[in-house]
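Asker: Structure supplied as protein-v4.tsv; contents: TSV, C-alpha atoms.
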chain	number	residue	atom	x	y	z
A	1	MET	CA	-40.92	-2.69	-0.85
A	2	THR	CA	-38.51	-2.96	-3.77
A	3	SER	CA	-35.56	-5.10	-4.77
A	4	HIS	CA	-32.00	-4.15	-5.65
A	5	VAL	CA	-29.52	-5.78	-8.00
A	6	ARG	CA	-26.91	-7.52	-5.86
A	7	HIS	CA	-24.85	-9.21	-8.58
A	8	ILE	CA	-24.81	-9.43	-12.35
A	9	THR	CA	-24.16	-13.14	-12.80
A	10	ILE	CA	-22.40	-14.49	-15.89
A	11	ASP	CA	-22.10	-18.17	-16.78
A	12	CYS	CA	-18.64	-19.22	-17.96
A	13	ALA	CA	-16.18	-22.11	-18.32
A	14	ASP	CA	-13.39	-20.71	-16.11
A	15	ALA	CA	-14.74	-18.42	-13.40
A	16	TYR	CA	-11.39	-17.28	-12.01
A	17	ALA	CA	-9.78	-16.56	-15.38
A	18	LEU	CA	-12.77	-14.63	-16.70
A	19	GLY	CA	-13.19	-12.81	-13.40
A	20	SER	CA	-9.53	-11.81	-13.54
A	21	PHE	CA	-10.04	-10.36	-17.04
A	22	TRP	CA	-13.01	-8.27	-15.91
A	23	ALA	CA	-11.19	-7.16	-12.77
A	24	ARG	CA	-8.55	-5.61	-15.05
A	25	VAL	CA	-11.21	-4.10	-17.31
A	26	LEU	CA	-13.00	-2.39	-14.41
A	27	GLY	CA	-10.05	-1.74	-12.13
A	28	ALA	CA	-11.93	-3.59	-9.39
A	29	PRO	CA	-10.61	-6.37	-7.14
A	30	LEU	CA	-11.49	-10.02	-7.19
A	31	SER	CA	-12.82	-11.27	-3.88
A	32	ASP	CA	-10.06	-12.36	-1.51
A	33	GLU	CA	-11.88	-15.68	-1.15
A	34	ASP	CA	-11.54	-16.61	-4.83
A	35	GLN	CA	-8.77	-18.87	-6.12
A	36	PRO	CA	-7.90	-20.48	-9.49
A	37	GLY	CA	-10.16	-23.46	-10.13
A	38	ASP	CA	-12.99	-22.20	-7.92
A	39	PRO	CA	-16.49	-22.61	-9.35
A	40	GLU	CA	-17.28	-18.93	-8.70
A	41	ALA	CA	-15.40	-15.63	-8.81
A	42	LEU	CA	-16.69	-12.26	-7.65
A	43	VAL	CA	-15.47	-8.93	-9.08
A	44	GLU	CA	-16.31	-6.34	-6.44
A	45	ALA	CA	-17.19	-3.50	-8.81
A	46	PRO	CA	-19.02	-0.40	-7.55
A	47	GLY	CA	-22.78	-0.42	-8.03
A	48	ALA	CA	-23.43	-4.07	-8.85
A	49	ALA	CA	-20.69	-6.68	-8.52
A	50	LEU	CA	-20.03	-9.19	-11.30
A	51	LEU	CA	-20.35	-12.85	-10.28
A	52	PHE	CA	-18.85	-15.44	-12.62
A	53	VAL	CA	-20.20	-18.97	-12.22
A	54	ARG	CA	-18.75	-22.07	-13.89
A	55	VAL	CA	-21.26	-24.08	-15.94
A	56	ALA	CA	-20.87	-27.12	-18.18
A	57	GLU	CA	-22.77	-25.64	-21.15
A	58	LYS	CA	-20.89	-23.62	-23.77
A	59	LYS	CA	-22.05	-20.23	-25.01
A	60	GLN	CA	-24.35	-20.83	-28.00
A	61	THR	CA	-25.41	-17.45	-29.42
A	62	LYS	CA	-25.36	-13.70	-28.89
A	63	ASN	CA	-26.01	-12.57	-25.32
A	64	ARG	CA	-29.49	-11.20	-24.63
A	65	VAL	CA	-27.97	-9.02	-21.89
A	66	HIS	CA	-24.60	-7.26	-22.15
A	67	LEU	CA	-22.55	-4.61	-20.35
A	68	ASP	CA	-21.91	-1.09	-21.68
A	69	ILE	CA	-18.75	0.49	-20.27
A	70	GLN	CA	-17.37	4.04	-20.39
A	71	PRO	CA	-13.75	4.99	-19.66
A	72	HIS	CA	-13.13	7.77	-17.12
A	73	ASP	CA	-9.50	8.67	-17.72
A	74	ARG	CA	-8.96	8.03	-21.44
A	75	SER	CA	-10.76	8.22	-24.76
A	76	ARG	CA	-13.11	5.57	-26.06
A	77	ASP	CA	-10.61	4.53	-28.74
A	78	GLU	CA	-7.74	4.34	-26.24
A	79	GLU	CA	-9.90	2.14	-24.03
A	80	VAL	CA	-10.71	-0.17	-26.93
A	81	GLU	CA	-6.99	-0.63	-27.58
A	82	ARG	CA	-6.34	-1.31	-23.88
A	83	LEU	CA	-9.06	-3.95	-23.75
A	84	LEU	CA	-7.84	-5.64	-26.91
A	85	ALA	CA	-4.40	-5.89	-25.30
A	86	LEU	CA	-6.01	-7.53	-22.25
A	87	GLY	CA	-7.48	-10.29	-24.41
A	88	ALA	CA	-10.77	-8.93	-25.76
A	89	THR	CA	-11.64	-9.23	-29.47
A	90	LEU	CA	-13.38	-6.69	-31.72
A	91	VAL	CA	-16.79	-7.97	-32.84
A	92	GLY	CA	-18.33	-4.86	-34.41
A	93	ASP	CA	-17.26	-1.24	-34.89
A	94	HIS	CA	-20.09	1.29	-34.70
A	95	ARG	CA	-18.05	4.34	-33.66
A	96	LYS	CA	-18.84	7.79	-35.05
A	97	PRO	CA	-16.57	10.86	-35.06
A	98	ASN	CA	-19.03	12.99	-33.07
A	99	GLY	CA	-18.70	10.75	-30.02
A	100	ARG	CA	-21.81	8.70	-30.64
A	101	GLY	CA	-21.73	5.03	-31.40
A	102	TRP	CA	-19.78	2.26	-29.78
A	103	ALA	CA	-17.38	-0.59	-30.32
A	104	THR	CA	-18.65	-4.10	-29.62
A	105	LEU	CA	-16.03	-6.37	-28.09
A	106	ALA	CA	-16.09	-9.89	-26.73
A	107	ASP	CA	-14.34	-11.07	-23.59
A	108	PRO	CA	-12.08	-14.18	-23.68
A	109	GLU	CA	-15.12	-16.49	-23.48
A	110	GLY	CA	-17.06	-14.66	-26.19
A	111	ASN	CA	-19.44	-12.57	-24.05
A	112	GLU	CA	-20.21	-9.36	-25.94
A	113	PHE	CA	-19.90	-5.94	-24.35
A	114	CYS	CA	-19.80	-2.38	-25.69
A	115	VAL	CA	-17.38	0.50	-25.17
A	116	GLU	CA	-18.78	4.03	-25.41
A	117	CYS	CA	-17.25	7.47	-25.03
A	118	GLY	CA	-16.87	8.67	-21.47
A	119	GLU	CA	-18.86	11.69	-20.37
A	120	ALA	CA	-15.94	14.12	-20.64
A	121	GLU	CA	-15.05	13.03	-24.18
A	122	ARG	CA	-18.67	13.12	-25.30
A	123	ALA	CA	-19.15	16.63	-23.88
A	124	ALA	CA	-16.00	17.87	-25.62
A	125	LEU	CA	-17.05	16.38	-28.96
A	126	THR	CA	-20.64	17.62	-28.83
A	127	GLY	CA	-20.06	21.00	-27.16
A	128	THR	CA	-22.33	20.21	-24.23
A	129	ARG	CA	-21.80	21.06	-20.56
A	130	LEU	CA	-20.31	18.36	-18.38
A	131	PRO	CA	-22.29	18.09	-15.11
A	132	VAL	CA	-20.86	18.31	-11.61
A	133	THR	CA	-21.12	14.88	-10.02
A	134	ALA	CA	-20.80	13.07	-6.72
A	135	ASP	CA	-17.35	11.94	-7.86
A	136	ASP	CA	-16.38	15.61	-8.22
A	137	VAL	CA	-17.35	16.21	-4.59
A	138	THR	CA	-15.24	13.26	-3.49
A	139	ALA	CA	-12.29	14.35	-5.62
A	140	ALA	CA	-12.39	17.94	-4.35
A	141	VAL	CA	-12.59	16.94	-0.69
A	142	ARG	CA	-9.84	14.33	-0.95
A	143	LEU	CA	-7.55	16.78	-2.75
A	144	ALA	CA	-8.22	19.33	-0.03
A	145	VAL	CA	-7.58	16.88	2.82
A	146	ASP	CA	-4.36	15.64	1.21
A	147	THR	CA	-3.18	19.23	0.77
A	148	LEU	CA	-4.04	20.30	4.33
A	149	ALA	CA	-2.79	17.19	6.15
A	150	PRO	CA	0.93	18.23	6.25
A	151	ALA	CA	0.18	21.58	7.93
A	152	PRO	CA	1.93	22.02	11.31
A	153	ALA	CA	-0.41	21.62	14.26
A	154	ASP	CA	0.51	25.03	15.64
A	155	ARG	CA	-0.66	26.86	12.49
A	156	TRP	CA	-4.35	26.01	12.77
A	157	GLU	CA	-5.16	29.01	14.99
A	158	ALA	CA	-3.78	31.41	12.35
A	159	ARG	CA	-6.26	33.52	10.40
A	160	ALA	CA	-7.48	31.83	7.19
A	161	GLY	CA	-6.46	34.16	4.37
A	162	SER	CA	-8.73	37.19	4.17
A	163	LEU	CA	-11.39	35.65	6.44
A	164	GLU	CA	-12.04	36.69	10.03
A	165	TRP	CA	-11.98	33.06	11.15
A	166	THR	CA	-9.07	30.89	12.19
A	167	CYS	CA	-7.99	28.01	10.00
A	168	TRP	CA	-9.56	25.59	12.45
A	169	GLU	CA	-12.88	27.47	12.33
A	170	THR	CA	-12.77	27.69	8.54
A	171	ALA	CA	-12.24	23.93	8.18
A	172	GLU	CA	-15.14	23.34	10.60
A	173	HIS	CA	-17.27	25.75	8.55
A	174	LEU	CA	-16.41	23.85	5.36
A	175	SER	CA	-17.31	20.55	6.97
A	176	ASP	CA	-20.56	22.11	8.14
A	177	ASP	CA	-21.33	23.42	4.63
A	178	LEU	CA	-20.96	19.96	3.12
A	179	PHE	CA	-23.13	18.48	5.86
A	180	ALA	CA	-25.79	21.16	5.37
A	181	TYR	CA	-26.00	20.57	1.60
A	182	ALA	CA	-26.31	16.83	2.15
A	183	VAL	CA	-29.15	17.06	4.66
A	184	GLN	CA	-31.17	19.38	2.42
A	185	LEU	CA	-31.60	16.36	0.14
A	186	GLY	CA	-32.44	13.97	2.98
A	187	PRO	CA	-36.17	14.32	3.76
A	188	ARG	CA	-38.64	12.37	1.65
A	189	THR	CA	-40.16	15.74	0.78
A	190	PRO	CA	-37.29	18.24	0.86
A	191	PRO	CA	-38.26	21.76	1.97
A	192	LEU	CA	-38.61	24.46	-0.68
A	193	ASP	CA	-38.75	27.49	1.61
A	194	HIS	CA	-36.39	26.82	4.50
A	195	ASP	CA	-33.32	24.91	5.66
A	196	VAL	CA	-33.74	21.57	7.38
A	197	PRO	CA	-34.06	22.81	10.98
A	198	TYR	CA	-30.82	21.85	12.65
A	199	ARG	CA	-29.55	24.30	15.26
A	200	TRP	CA	-26.64	26.37	13.96
A	201	THR	CA	-24.69	28.35	16.51
A	202	PRO	CA	-21.20	29.90	16.79
A	203	ASP	CA	-18.57	28.46	19.09
A	204	ARG	CA	-17.51	32.02	19.93
A	205	GLU	CA	-18.74	35.50	19.15
A	206	GLY	CA	-17.76	36.27	15.57
A	207	GLY	CA	-17.17	32.63	14.67
A	208	PRO	CA	-19.08	30.68	12.00
A	209	HIS	CA	-22.57	29.41	12.80
A	210	ASN	CA	-22.27	25.62	12.58
A	211	ALA	CA	-24.19	22.50	13.41
A	212	VAL	CA	-20.97	20.49	13.03
A	213	PHE	CA	-17.95	21.00	15.28
A	214	ALA	CA	-14.82	18.88	15.52
A	215	ASP	CA	-13.52	17.59	18.84
A	216	ARG	CA	-10.42	19.70	19.46
A	217	ALA	CA	-8.91	16.90	21.49
A	218	ALA	CA	-8.65	14.91	18.24
A	219	GLY	CA	-6.31	17.53	16.78
A	220	PRO	CA	-5.94	18.48	13.10
A	221	ALA	CA	-6.18	14.84	11.99
A	222	GLY	CA	-9.59	14.58	13.63
A	223	LEU	CA	-10.66	17.90	12.11
A	224	LEU	CA	-9.80	16.66	8.63
A	225	ALA	CA	-11.59	13.37	9.33
A	226	THR	CA	-14.81	15.34	9.96
A	227	LEU	CA	-14.26	17.19	6.69
A	228	GLU	CA	-13.81	13.97	4.74
A	229	ALA	CA	-16.84	12.41	6.43
A	230	SER	CA	-19.07	15.38	5.57
A	231	GLY	CA	-17.83	15.24	1.98
A	232	ALA	CA	-18.66	11.55	1.78
A	233	LEU	CA	-22.14	12.24	3.14
A	234	LEU	CA	-22.79	14.88	0.46
A	235	ALA	CA	-21.40	12.65	-2.29
A	236	SER	CA	-23.66	9.80	-1.18
A	237	MET	CA	-26.76	12.01	-1.14
A	238	VAL	CA	-25.98	13.47	-4.57
A	239	ARG	CA	-25.39	10.00	-6.01
A	240	THR	CA	-28.62	8.50	-4.64
A	241	THR	CA	-31.09	11.39	-4.94
A	242	PRO	CA	-33.18	11.44	-8.16
A	243	PRO	CA	-32.16	14.37	-10.38
A	244	GLY	CA	-35.67	15.80	-10.41
A	245	VAL	CA	-35.65	16.46	-6.65
A	246	ARG	CA	-35.54	20.12	-5.59
A	247	SER	CA	-34.64	21.60	-2.21
A	248	TYR	CA	-34.19	25.01	-0.65
A	249	HIS	CA	-31.04	27.07	-0.73
A	250	GLY	CA	-30.83	30.79	-0.06
A	251	TYR	CA	-29.26	31.33	-3.48
A	252	GLY	CA	-31.98	29.49	-5.37
A	253	ILE	CA	-33.99	26.28	-5.06
A	254	SER	CA	-31.57	23.65	-6.31
A	255	ASP	CA	-31.18	20.06	-7.46
A	256	PRO	CA	-28.66	17.35	-6.51
A	257	GLU	CA	-26.15	18.56	-9.11
A	258	GLY	CA	-26.47	22.10	-7.77
A	259	PHE	CA	-25.70	20.99	-4.22
A	260	ALA	CA	-22.73	19.00	-5.54
A	261	ALA	CA	-21.45	22.11	-7.31
A	262	MET	CA	-21.91	24.18	-4.14
A	263	GLY	CA	-19.91	21.62	-2.20
A	264	VAL	CA	-17.14	21.69	-4.80
A	265	VAL	CA	-16.95	25.51	-4.84
A	266	GLU	CA	-16.96	25.75	-1.04
A	267	THR	CA	-14.19	23.13	-0.87
A	268	LEU	CA	-12.00	24.74	-3.51
A	269	VAL	CA	-12.24	28.33	-2.29
A	270	HIS	CA	-12.07	27.59	1.44
A	271	THR	CA	-9.05	25.39	0.87
A	272	HIS	CA	-7.57	28.47	-0.85
A	273	ASP	CA	-8.27	30.43	2.35
A	274	LEU	CA	-6.81	27.66	4.49
A	275	ALA	CA	-3.71	27.25	2.34
A	276	ALA	CA	-3.00	30.97	2.69
A	277	GLY	CA	-3.24	30.76	6.47
A	278	LEU	CA	-1.30	27.52	6.76
A	279	GLY	CA	1.48	28.43	4.33
A	280	LEU	CA	0.58	25.76	1.76
A	281	SER	CA	0.26	25.72	-2.02
A	282	TRP	CA	-3.13	25.00	-3.57
A	283	GLU	CA	-4.28	24.97	-7.18
A	284	PRO	CA	-7.14	22.59	-8.00
A	285	PRO	CA	-7.69	20.99	-11.42
A	286	ALA	CA	-8.86	23.40	-14.10
A	287	ALA	CA	-11.53	20.98	-15.37
A	288	LEU	CA	-13.10	20.75	-11.91
A	289	CYS	CA	-13.18	24.55	-11.64
A	290	ASP	CA	-14.69	24.80	-15.12
A	291	ARG	CA	-17.56	22.40	-14.33
A	292	ALA	CA	-18.37	24.27	-11.12
A	293	LEU	CA	-18.28	27.65	-12.88
A	294	ALA	CA	-20.55	26.43	-15.68
A	295	ARG	CA	-23.13	25.19	-13.16
A	296	LEU	CA	-23.18	28.01	-10.59
A	297	PHE	CA	-21.67	31.01	-12.40
A	298	PRO	CA	-22.90	30.65	-16.01
A	299	ASP	CA	-22.17	34.35	-16.68
A	300	ALA	CA	-18.52	34.10	-15.61
A	301	PRO	CA	-15.96	34.95	-18.30
A	302	ALA	CA	-15.23	32.08	-20.66
A	303	GLY	CA	-11.69	30.91	-21.34
A	304	GLY	CA	-8.57	31.78	-19.45
A	305	ASP	CA	-7.31	30.23	-16.24
A	306	ARG	CA	-10.44	28.63	-14.77
A	307	TRP	CA	-9.08	28.63	-11.22
A	308	ALA	CA	-8.34	32.35	-11.51
A	309	VAL	CA	-11.87	32.91	-12.81
A	310	LEU	CA	-13.37	30.98	-9.90
A	311	LEU	CA	-11.34	33.01	-7.40
A	312	TRP	CA	-12.58	36.19	-9.12
A	313	ALA	CA	-16.20	34.93	-9.14
A	314	THR	CA	-16.04	34.36	-5.37
A	315	GLY	CA	-14.47	37.74	-4.63
A	316	ARG	CA	-11.02	36.42	-3.77
A	317	ALA	CA	-8.90	37.77	-6.61
A	318	GLU	CA	-8.73	40.28	-9.43
A	319	LEU	CA	-9.23	39.27	-13.05
A	320	PRO	CA	-7.79	41.41	-15.85
A	321	GLY	CA	-10.48	43.27	-17.74
A	322	HIS	CA	-13.12	42.78	-15.04
A	323	PRO	CA	-13.85	44.80	-11.88
A	324	ARG	CA	-13.05	43.01	-8.67
A	325	ARG	CA	-16.11	41.66	-6.92
A	326	THR	CA	-16.79	43.01	-3.47
A	327	ALA	CA	-20.06	41.07	-3.18
A	328	TRP	CA	-20.97	37.85	-4.92
A	329	ARG	CA	-23.40	34.95	-4.99
A	330	TRP	CA	-23.92	31.95	-7.19
A	331	ASP	CA	-27.21	30.91	-8.79
A	332	GLY	CA	-28.08	27.51	-7.38
A	333	ARG	CA	-31.11	26.99	-9.60
A	334	PRO	CA	-30.88	24.33	-12.33
A	335	LEU	CA	-29.81	25.96	-15.59
A	336	GLU	CA	-33.14	25.21	-17.25
A	337	ASP	CA	-34.91	27.09	-14.43
A	338	GLN	CA	-32.55	30.05	-14.85
A	339	THR	CA	-33.29	30.11	-18.60
A	340	ALA	CA	-37.05	29.89	-18.06
A	341	SER	CA	-36.91	32.72	-15.50
A	342	SER	CA	-34.91	34.93	-17.88
A	343	ALA	CA	-37.31	34.20	-20.75
A	344	GLY	CA	-40.35	34.90	-18.60
For this file, produce the structure as structure tokens.
Answerer:
Amino acid sequence: MTSHVRHITIDCADAYALGSFWARVLGAPLSDEDQPGDPEALVEAPGAALLFVRVAEKKQTKNRVHLDIQPHDRSRDEEVERLLALGATLVGDHRKPNGRGWATLADPEGNEFCVECGEAERAALTGTRLPVTADDVTAAVRLAVDTLAPAPADRWEARAGSLEWTCWETAEHLSDDLFAYAVQLGPRTPPLDHDVPYRWTPDREGGPHNAVFADRAAGPAGLLATLEASGALLASMVRTTPPGVRSYHGYGISDPEGFAAMGVVETLVHTHDLAAGLGLSWEPPAALCDRALARLFPDAPAGGDRWAVLLWATGRAELPGHPRRTAWRWDGRPLEDQTASSAG
């Protein structure tokens, strides 16, 4: 048996005021039960919540434990300026131009914490590849669901772009793909030579072979709920599976990041198919396309419109200067395994 961190608890003079500061820092809510003057305040941050507890003793010296934070949607330096405006103070500046280093700040009660570059900024500064993450899976699926939700109910039996399946069947297939990638990471010892043995079968001759089908009585809203649920399942498995785990896929034994990238690619390109059949517009973020290309299609052309390149890589569009693909497959193996195989 093991233990898990439930809270990170911080002693303070004013629990509600300090909790409110950290809620703004992390973009996380204070507990609905907390009020000004309460002896405790809980910031319900993802991972481990922060619990602020009022004590009589004042802070005496430098903290032996501190928080390191990374911004997701701005640069390190922009985040430092935001936090200073919220009431933090600059204690020490250890920032370096190459993205390394950090700024040490103190919260309104003097508790030190550090601000580092986010992963995207660090990758851009150092020229390294940014990995595909569980958050990317969630973002791709939510963008897809939000795009597909306005489609008229009577359009779902139309053919999905160039596929032989209806839009309903294609959305079911996508939901099934996400489910299948998630369950490959589920066993304590994931299989290296076969799929986890669910029964996949078509709903009609010529339809996709699925283990997951949506209840047609629930309509398009129910169909999209199954898609979002399968995406959440994959994101959870990617987030909680150790990166060294390997599991079978027909396009190469893969790791959690590889299955995340597969889920992203399936979501982006099948939403393209669905949008064509449903009469909707769809163009996902270039950065998301770029991360998926770098992980699964490392030989794809660099530069240019990354969404156009992903459509070309999956045989769905032409790309100037390159023959159109009539057959394609990604390489699901971790990049280090691909390199070792090529060298050997």
Asker: Please, what distance in Å, to one decimal, runs between atom CA of A:Arg155 and atom CA of A:Ala232?
Answerer: 25.9 Å
Asker: With only C-alpha atoms as the atoms that count, which of A:Gly258, A:Pro191, A:Gly87, A:Gly321 lies nearest to A:Ser20?
Answerer: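 Comparing A:Gly258, A:Pro191, A:Gly87, A:Gly321 against A:Ser20, the winner is A:Gly87.
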Asker: Pick the closest to A:Arg64 from A:Ile10, A:Val43, A:Ala302, A:Ala211: which is it, counting all atoms listed in the file?
Answerer: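 Using all atoms listed in the file, A:Arg64 sits closest to A:Ile10.
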Asker: Taking 2 positions as the minimum chain separation for residues in the same chain, which residues sit within 12 Å of A:Pro97 when counting only C-alpha atoms? Answer as a PyMOL selection string.
Answerer: chain A and resi 76-77+94-95+99-102+117+121-122+124-126
Asker: Pick from A:Thr226, A:Thr314, A:Thr128, A:Ser247: nearest to A:Tyr181, with all atoms listed in the file counted?
Answerer: A:Ser247
Asker: Between A:Lys58, A:Lys96, A:Arg159, A:Arg316, which is the closest to A:Leu268 once you count all atoms listed in the file?
Answerer: A:Arg316
Asker: Kindly give the distance, in Å, that separates atom CA of A:Glu79 and atom CA of A:Val115, rounded to a single decimal.
Answerer: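 Going from atom CA of A:Glu79 over to atom CA of A:Val115, I get 7.7 Å.
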Asker: Please check which residues have atoms at most 12 Å from (-13.4, -8.2, -37.9) in the file's coordinates, counting only C-alpha atoms, and write them as a ChimeraX atom specification.
Answerer: /A:89-93,103-106
Asker: Can stretch 154-163 of chain A be brought up to all heavy atoms and written out as a tab-separated table (two decimals), in the frame of the given file?
Answerer:
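This went into rebuild10.tsv:
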chain	number	residue	atom	x	y	z
A	154	ASP	N	0.57	23.73	15.00
A	154	ASP	CA	0.51	25.03	15.64
A	154	ASP	C	0.07	26.15	14.70
A	154	ASP	O	-0.02	27.31	15.12
A	154	ASP	CB	1.87	25.38	16.27
A	154	ASP	CG	3.00	25.44	15.24
A	154	ASP	OD1	2.73	25.22	14.04
A	154	ASP	OD2	4.15	25.68	15.65
A	155	ARG	N	-0.23	25.83	13.43
A	155	ARG	CA	-0.66	26.86	12.49
A	155	ARG	C	-2.18	26.99	12.40
A	155	ARG	O	-2.70	27.91	11.77
A	155	ARG	CB	-0.11	26.56	11.09
A	155	ARG	CG	1.40	26.65	10.96
A	155	ARG	CD	1.89	28.09	11.13
A	155	ARG	NE	1.41	28.96	10.06
A	155	ARG	CZ	2.06	29.19	8.92
A	155	ARG	NH1	3.21	28.57	8.69
A	155	ARG	NH2	1.56	30.01	8.03
A	156	TRP	N	-2.92	26.05	13.00
A	156	TRP	CA	-4.35	26.01	12.77
A	156	TRP	C	-5.13	27.14	13.45
A	156	TRP	O	-6.29	27.37	13.13
A	156	TRP	CB	-4.92	24.66	13.19
A	156	TRP	CG	-4.60	23.62	12.16
A	156	TRP	CD1	-3.53	22.79	12.14
A	156	TRP	CD2	-5.37	23.32	11.00
A	156	TRP	NE1	-3.56	21.99	11.02
A	156	TRP	CE2	-4.68	22.29	10.29
A	156	TRP	CE3	-6.55	23.81	10.45
A	156	TRP	CZ2	-5.16	21.75	9.10
A	156	TRP	CZ3	-7.02	23.27	9.26
A	156	TRP	CH2	-6.33	22.26	8.60
A	157	GLU	N	-4.49	27.87	14.37
A	157	GLU	CA	-5.16	29.01	14.99
A	157	GLU	C	-4.84	30.32	14.26
A	157	GLU	O	-5.32	31.38	14.64
A	157	GLU	CB	-4.76	29.13	16.46
A	157	GLU	CG	-5.32	28.02	17.33
A	157	GLU	CD	-6.83	27.85	17.18
A	157	GLU	OE1	-7.56	28.86	17.26
A	157	GLU	OE2	-7.29	26.70	16.98
A	158	ALA	N	-4.05	30.23	13.18
A	158	ALA	CA	-3.78	31.41	12.35
A	158	ALA	C	-5.04	31.79	11.57
A	158	ALA	O	-5.92	30.95	11.32
A	158	ALA	CB	-2.62	31.14	11.40
A	159	ARG	N	-5.12	33.05	11.18
A	159	ARG	CA	-6.26	33.52	10.40
A	159	ARG	C	-6.21	32.88	9.00
A	159	ARG	O	-5.14	32.74	8.40
A	159	ARG	CB	-6.19	35.04	10.29
A	159	ARG	CG	-7.32	35.68	9.53
A	159	ARG	CD	-7.24	37.19	9.72
A	159	ARG	NE	-7.88	37.90	8.63
A	159	ARG	CZ	-8.06	39.20	8.58
A	159	ARG	NH1	-7.60	39.95	9.59
A	159	ARG	NH2	-8.66	39.77	7.56
A	160	ALA	N	-7.38	32.51	8.49
A	160	ALA	CA	-7.48	31.83	7.19
A	160	ALA	C	-7.59	32.87	6.07
A	160	ALA	O	-8.68	33.37	5.76
A	160	ALA	CB	-8.68	30.90	7.16
A	161	GLY	N	-6.46	33.21	5.48
A	161	GLY	CA	-6.46	34.16	4.37
A	161	GLY	C	-7.10	35.47	4.74
A	161	GLY	O	-6.77	36.08	5.77
A	162	SER	N	-8.06	35.91	3.94
A	162	SER	CA	-8.73	37.19	4.17
A	162	SER	C	-9.95	37.06	5.08
A	162	SER	O	-10.63	38.06	5.35
A	162	SER	CB	-9.18	37.78	2.82
A	162	SER	OG	-10.11	36.91	2.17
A	163	LEU	N	-10.22	35.85	5.57
A	163	LEU	CA	-11.39	35.65	6.44
A	163	LEU	C	-11.09	36.11	7.86
A	163	LEU	O	-9.95	36.26	8.27
A	163	LEU	CB	-11.79	34.17	6.45
A	163	LEU	CG	-12.11	33.53	5.09
A	163	LEU	CD1	-12.54	32.07	5.29
A	163	LEU	CD2	-13.18	34.31	4.35
